[in-house]
Structures are given as C-alpha cells and as structure tokens.
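To start, the structure under review is shown below, and the notes come after it.
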There are 2 protein chains.
Amino acid sequence: MSGAWPPGHRIPSEHELLKEYQCSRMTVNKALSALAERGVIIRRRKIGSFVASPQIDRTVMDIQDISTEAALAGHDHSYRILMRRIETLDASTATQLGETAGAEILRVHCLHVVDAKPIALERRIIMLAMVPSARTESFAMVPPGKWLLDLVPWSKARHVIRAFSTDAVTARLLETERGEACLRLIRQTWQNSHTVTYVEIIHPGDRFQFAGDFHPTERGVMDQLPRRSIS
Amino acid sequence: MSGAWPPGHRIPSEHELLKEYQCSRMTVNKALSALAERGVIIRRRKIGSFVASPQIDRTVMDIQDISTEAALAGHDHSYRILMRRIETLDASTATQLGETAGAEILRVHCLHVVDAKPIALERRIIMLAMVPSARTESFAMVPPGKWLLDLVPWSKARHVIRAFSTDAVTARLLETERGEACLRLIRQTWQNSHTVTYVEIIHPGDRFQFAGDFHPTERGVMDQLPRRSIS
DNA sequence: GATCCGCTTTTGTCTATACAAATAGATACG
DNA sequence: CGTATCTATTTGTATAGACAAAAGCGGATC
C-alpha cells in the first residue's frame with residue numbers, strides 16, 4: 001500500500017514470506033487470500049501473486065433504512081403514510097420488475113420527515129405473494145422499509161441512483177421548488193429470484209447525499225463507517 | 001439464505017457442523033468466517049453464530065474511469081481538455097480537501113464525449129507534491145483519470161454522490177437545459193493520508209446512473225458485475 | 001520441428017491439533 | 001443476598017503436514 005511495489009509487481013511467494021515472517025504457510029495464505037479477495041493483489045497458480053492495478057474504484061455504500069439511519073444520527077424521524085392500496089400488477093410495471101402481470105401487490109406511498117423537514121418520498125410496491133402478512137399491516141407503527149427488513153430476509157438487492165427533477169406533486173410534498181434536482185434511489189429486492197419489494201425513494205438534492213469510503217487495507221472491507229448522511 | 005432461519009436464529013455451532021458435514025473444524029470455521037465477513041451471520045465467542053438482520057443494505061458500486069468504462073461497453077469515447085493550469089491551493093479549497101493552503105496543484109477541466117454526446121464534465125485537482133510527473137503531462141493522449149490510475153497507487157478513496165442543478169456554464173458544456181438535474185460524483189483519493197487528487201464529475205441526469213448489485217451468498221462479494229451504465 | 005510427457009513451482013484447500021480469548025452459567029464465599 | 005471465582009462452551013487463530021490443480025519448462029519421441 002505504500003506504493004513501493006507498483007501495479008503488476010510480483011510479490012514474494014508464500015514460501016518466501018513464511019521464511020521472512022517465521023510463520024506457517026496457512027497464516028501467510030490466509031493473509032494473501034484476504035488481500036486477493038479485496039482486490040489488492042491477484043494470485044495465479046505457478047505464476048505467483050501480483051499487485052493489482054486499482055483500475056476499478058470499488059466503493060461500498062451503506063444504503064440503510066431511513067428510520068434506522070435517522071435514529072443512528074440522533075435525528076428525530078417521523079413518517080406519514082400517504083397511500084396504501086392493494087392492486088394487481090399492470091403489464092408495463094410487471095415488465096419493469098421482471099414479474100408477471102396480474103400478481104397482487106400492495107402499493108404504499110410514504111413521506112419521511114427528519115427534524116421537521118421532509119427528507120424522502122417513498123413509493124413502494126410489495127409483492128403480496130412473497131409477503132402475505134403485508135396484506136393486513138397498516139404501517140401505522142413501523143415504516144414499511146423497516147417492517148420489511150425485520151421480517152423478510154432477502155437474498156439479492158439491486159440499487160440504482162439517478163438524478164431527477166421534481167415534478168409539481170413531488171416538489172409540493174418535499175417542500176422544495178419545482179424542478180429542483182433530487183436524488184432518486186431505486187431498490188429492488190429479491191428472495192430466490194422472486195421480487196419481494198421495489199421501492200423508489202426521492203430525496204431533495206439540497207438535503208441529501210450518498211457517500212462511501214474504500215480503504216483496501218483496513219481490516220474488513222465491509223466494516224467501514226459512514227455512507228449516507230443527512231446534511 | 002432460503003429464509004428458513006429468520007434473522008436472530010442461532011445456527012449450529014462449529015462442532016455440530018463438523019459432525020454434520022464430516023469435515024475438520026478449520027473448514028467449517030473458514031466457511032462461517034466468510035459468511036461473517038459478508039455480514040450474513042454474526043459470531044460471538046461462547047454465544048454462538050446467528051443469522052444477521054439485513055438491516056443495512058450494502059451495495060458495492062464500481063465507479064470506474066469513464067474511458068475504460070466506455071471501452072468496456074463498446075462505446076466510442078473521446079475527450080477534450082478545457083483547461084490545464086498550475087496554481088497554488090487557496091485557503092477555502094485547502095480546508096475542503098483537508099490540505100494546507102499554498103500547495104502547488106494542477107487544475108484540469110475535461111469534457112468527456114461518448115457517442116458524440118457529452119457525458120461528463122470533469123473538474124480535477126492534482127496535488128503536484130504527490131504526483132510530480134503531472135507537471136509536464138499534457139493529457140493529450142490519455143485522459144487524466146486513466147493516467148492517474150495507471151500511474152499512482154492510492155490507498156484510500158472517498159466517493160460522494162449528490163444531485164445538482166446545472167448552472168448556465170455547465171448546461172452549455174453538457175448540452176442540456178439549464179437547471180437540468182445532474183448527478184455529481186465527488187471523489188477524493190489519498191495515498192498515506194495525503195490527497196493525491198480531488199475530482200468532481202458531473203453527469204447529465206438523463207444519460208447516467210449509478211448501479212450496484214449485492215448478492216450476499218455468491219462467491220466473492222467483490223466480484224460482481226455491472227455498476228454504472230451509460231443509458 | 002511439432003507434440004507429448006513428466007518435473008517443478010506456486011497457489012488452493014483440507015486435516016488434525018493446539019492453545020487463547022470471551023463469556024454465560026454454576027458454584028463458593030462472605 | 002451480593003460478589004467473586006471457577007468451569008464449560010464457543011469462537012479466534014496458529015501450526016505442521018498432506019495432496020490437488022494450474023501452468024511454465026525442458027526433454028524425449030516421432
């Protein structure tokens with residue numbers, strides 16, 4: 001990490017390292033495997049281990065549930081259910097989600113308020129086949145995001161972040177100017193290749209950002225600190 | 001991952017698993033440690049291992065160099081250097097970067113064009129103390145992002161994604177409407193706690209998004225596929 | 001000269017064993 | 001009853017040894 005060995009430089013073999021550090025091969029191997037997993041080095045049998053080119057900037061972003069996040073940051077969070085309706089999936093939305101039309105869904109719209117300011121507008125679709133208990137849940141006590149995370153395990157998630165100019169309705173709800181730049185986070189969550197939920201969360205651009213740190217060396221690539229902060 | 005064990009459920013101890021799977025404890029331990037590193041389970045001595053609550057959605061985003069990315073996607077990429085100037089760091093920028101004022105920097109502005117459409121406006125600061133060879137580099141052949149990645153190893157990076165309404169200058173360069181919502185990616189890269197480069201990349205909102213997938217189970221959390229796509 | 005075979009190096013993975021660290025629960029003690 | 005100590009369990013980490021898999025290299029064979 002000092003940069004003394006440039007990308008492509010061959011690092012000592014396990015055998016050389018175990019002599020240098022006076023430890024067993026398993027120990028050296030574990031360390032090098034961890035580096036390889038983090039993409040710091042590349043290893044090939046018979047060839048050796050090489051410093052990887054950091055061509056690809058990987059960053060780990062924690063995109064948390066809003067209520068949890070606000071609580072962690074010591075902010076006051078509340079929310080209001082704007083809409084809650086059981087529908088069947090129309091053809092175009094079904095295609096978008098990769099599901100079949102006609103499936104029963106629960107549509108929930110929800111406005112999140114932190115420190116008396118609207119911070120997010122959440123538009124969510126919950127597949128009732130995957131989450132039957134949502135049918136009778138009012139979300140009066142627990143917001144839908146948190147409720148789902150606590151209850152339904154998921155095996156795959158996809159996040160997309162886009163920019164978005166507010167339309168009149170969104171601007172009014174978020175108490176911003178119409179046309180204001182917003183961040184739009186789209187998340188689809190699956191369990192065994194079935195969609196569990198699809199959610200669009202719109203954040204006012206002047207009050208929100210997503211952040212991620214990447215430190216290849218520090219213990220636990222996944223154990224990094226702050227990701228998304230309320231500004 | 002099937003969901004049969006809900007979050008908080010205690011999974012069998014290493015000793016029970018090695019009996020079940022007829023393998024050594026090291027093998028079981030390696031598997032469980034890998035799951036713990038990915039955040040699928042939580043392990044505590046004497047207590048046991050438990051299915052983690054997937055409260056925190058982690059997503060890995062590859063935020064690549066634009067030219068590399070365009071090449072991968074089979075798009076035609078070109079760029080134009082708009083400005084290239086050696087300056088000294090003023091007080092407010094120095095504070096922003098966490099560096100000391102007066103340091104020599106190279107400021108480079110660059111417009112990236114993919115398939116004849118402007119796709120990104122890059123405003124970059126390179127710390128000349130960390131990258132002395134940048135002083136004589138014209139960036140005529142290789143864009144600054146790629147040039148830096150190939151040459152200078154980094155040990156830490158921070159990414160911030162924000163929404164941004166274009167001002168008149170930016171809108172003209174990106175050939176969009178003024179006030180159009182844009183994605184603004186800010187990246188600061190360090191080498192041993194010294195800033196190497198700071199860059200702001202502004203993407204037109206209608207042509208860009210950031211995406212990330214997360215599959216906790218699949219081999220290599222870091223080996224996932226596409227992150228940022230040109231739409 | 002081309003192809004195949006075997007040798008060597010290096011990583012990948014497993015086993016069996018050992019001891020350390022954390023800590024819940026039981027026990028002893030004041 | 002409260003506190004300290006002991007014990008058992010479970011994870012964390014290390015060692016030494018073994019064999020497998022990939023792949024470069026050299027030599028034998030045709």
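Chain identifiers are assigned as A, B, and so on, following the order in which chains appear in the structure tokens; residues are numbered from 1 within each chain, and ligands are numbered from 1 in order of appearance.
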Show which residues sit within 6 Å of range 36-41 of chain B, as an mmCIF file with C-alpha atoms, in the first residue's frame. Count only C-alpha atoms (C1' of nucleotides), and ignore same-chain residues fewer than 4 positions away.
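Everything below was put into result08.cif:
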data_model
loop_
_atom_site.group_PDB
_atom_site.id
_atom_site.type_symbol
_atom_site.label_atom_id
_atom_site.label_comp_id
_atom_site.auth_asym_id
_atom_site.auth_seq_id
_atom_site.Cartn_x
_atom_site.Cartn_y
_atom_site.Cartn_z
ATOM 1 C CA PHE B 50 -26.631 -16.053 14.494
ATOM 2 C CA VAL B 51 -28.363 -15.087 11.283
ATOM 3 C CA ALA B 52 -27.786 -11.346 10.919
#
Report task. Just need the residues of chain A within 9 Å of chain D, counting only C-alpha atoms (C1' of nucleotides), so spit them out as a list in words. Result ->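 Result, ordered by chain then number: Cys23, Ser24, Arg25, Met26, Thr27, Arg44, Arg45, Lys46 and Ile47 of chain A.
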Do you have, as CSV, the list of residues of chain C lying at most 7 Å from chain B, each with its nearest atom pair and that distance in Å to one decimal, counting only C-alpha atoms (C1' of nucleotides) and ordered by chain then number?
residue,atom,partner,partner_atom,distance
C:DT15,C1',B:Ser24,CA,6.1
C:DA22,C1',B:Arg45,CA,5.6
C:DT23,C1',B:Lys46,CA,6.0
Query - Interface list for chain B, partner chain A, 8 Å threshold, only C-alpha atoms, as number ranges by chain - result: B: 1-3, 6-7, 37-39, 53-65, 146, 149-150, 152-165, 179-183, 191-192, 205-206, 208-217, 220, 222
**Report entry** Selection: 7 Å around Val114 in chain B, only C-alpha atoms (C1' of nucleotides), excl. self and same-chain fewer than 6 positions, as JSON, numbers by chain
**Finding:** {"B": [75, 76, 77, 78]}
Report task. Can you check which residues of range 57-193 of chain B DSSP gives as alpha helix (DSSP H) on the backbone and send them as a VMD selection string? Result -> chain B and resid 66 to 72 91 to 97 144 to 151 168 to 174
I need the chosen residues saved as a PDB file, in the first residue's frame, with C-alpha atoms.
ATOM      1  CA  ILE B  66     -15.006   6.914 -17.899  1.00  0.00           C
ATOM      2  CA  SER B  67     -12.777   5.985 -20.810  1.00  0.00           C
ATOM      3  CA  THR B  68     -12.298   2.449 -19.503  1.00  0.00           C
ATOM      4  CA  GLU B  69     -15.977   2.076 -18.926  1.00  0.00           C
ATOM      5  CA  ALA B  70     -16.965   3.333 -22.349  1.00  0.00           C
ATOM      6  CA  ALA B  71     -14.467   0.957 -23.931  1.00  0.00           C
ATOM      7  CA  LEU B  72     -15.912  -1.964 -21.956  1.00  0.00           C
ATOM      8  CA  ALA B  91      -7.426  28.717   1.749  1.00  0.00           C
ATOM      9  CA  SER B  92     -11.034  27.612   1.262  1.00  0.00           C
ATOM     10  CA  THR B  93     -10.230  24.793  -1.162  1.00  0.00           C
ATOM     11  CA  ALA B  94      -7.404  23.700   1.107  1.00  0.00           C
ATOM     12  CA  THR B  95      -9.815  23.366   4.024  1.00  0.00           C
ATOM     13  CA  GLN B  96     -12.239  21.469   1.843  1.00  0.00           C
ATOM     14  CA  LEU B  97      -9.554  18.973   0.874  1.00  0.00           C
ATOM     15  CA  PRO B 144      -6.315  12.497 -16.533  1.00  0.00           C
ATOM     16  CA  GLY B 145      -8.394   9.894 -14.707  1.00  0.00           C
ATOM     17  CA  LYS B 146      -6.888   6.967 -16.521  1.00  0.00           C
ATOM     18  CA  TRP B 147      -3.415   8.467 -16.459  1.00  0.00           C
ATOM     19  CA  LEU B 148      -3.539   8.826 -12.682  1.00  0.00           C
ATOM     20  CA  LEU B 149      -4.979   5.378 -12.051  1.00  0.00           C
ATOM     21  CA  ASP B 150      -2.313   3.739 -14.156  1.00  0.00           C
ATOM     22  CA  LEU B 151       0.498   5.670 -12.556  1.00  0.00           C
ATOM     23  CA  ALA B 168     -25.522  28.097 -17.243  1.00  0.00           C
ATOM     24  CA  VAL B 169     -21.891  27.203 -17.940  1.00  0.00           C
ATOM     25  CA  THR B 170     -22.286  23.537 -17.111  1.00  0.00           C
ATOM     26  CA  ALA B 171     -25.510  23.261 -19.087  1.00  0.00           C
ATOM     27  CA  ARG B 172     -23.876  24.711 -22.182  1.00  0.00           C
ATOM     28  CA  LEU B 173     -20.922  22.324 -21.963  1.00  0.00           C
ATOM     29  CA  LEU B 174     -23.083  19.268 -21.356  1.00  0.00           C
TER      30      LEU B 174
END
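Picture a line from CA of Arg107 in chain A to CA of Ile202 in chain A; it runs 16.0 Å.
For the pair CA of Asp90 in chain B and CA of Ile105 in chain B, the interatomic distance is 10.1 Å.
For the pair CA of Gly102 in chain A and CA of Glu87 in chain A, the interatomic distance is 8.7 Å.
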Requested in this report: Determine, counting only C-alpha atoms (C1' of nucleotides), which protein, DNA and RNA residues have an atom within 6 Å of an atom of range 120-127 of chain B; residues of the same chain fewer than 4 positions away are not included. Present the result as a ChimeraX atom specification.
Outcome: /B:105-112,196-203
Requested in this report: Report the residues of range 61-231 of chain B whose backbone DSSP state falls under strand (DSSP E or B), written as an MDAnalysis selection string.
Outcome: chainID B and resid 61:64 77:88 104:114 117:127 156:165 181:191 194:204 208:214 228:230
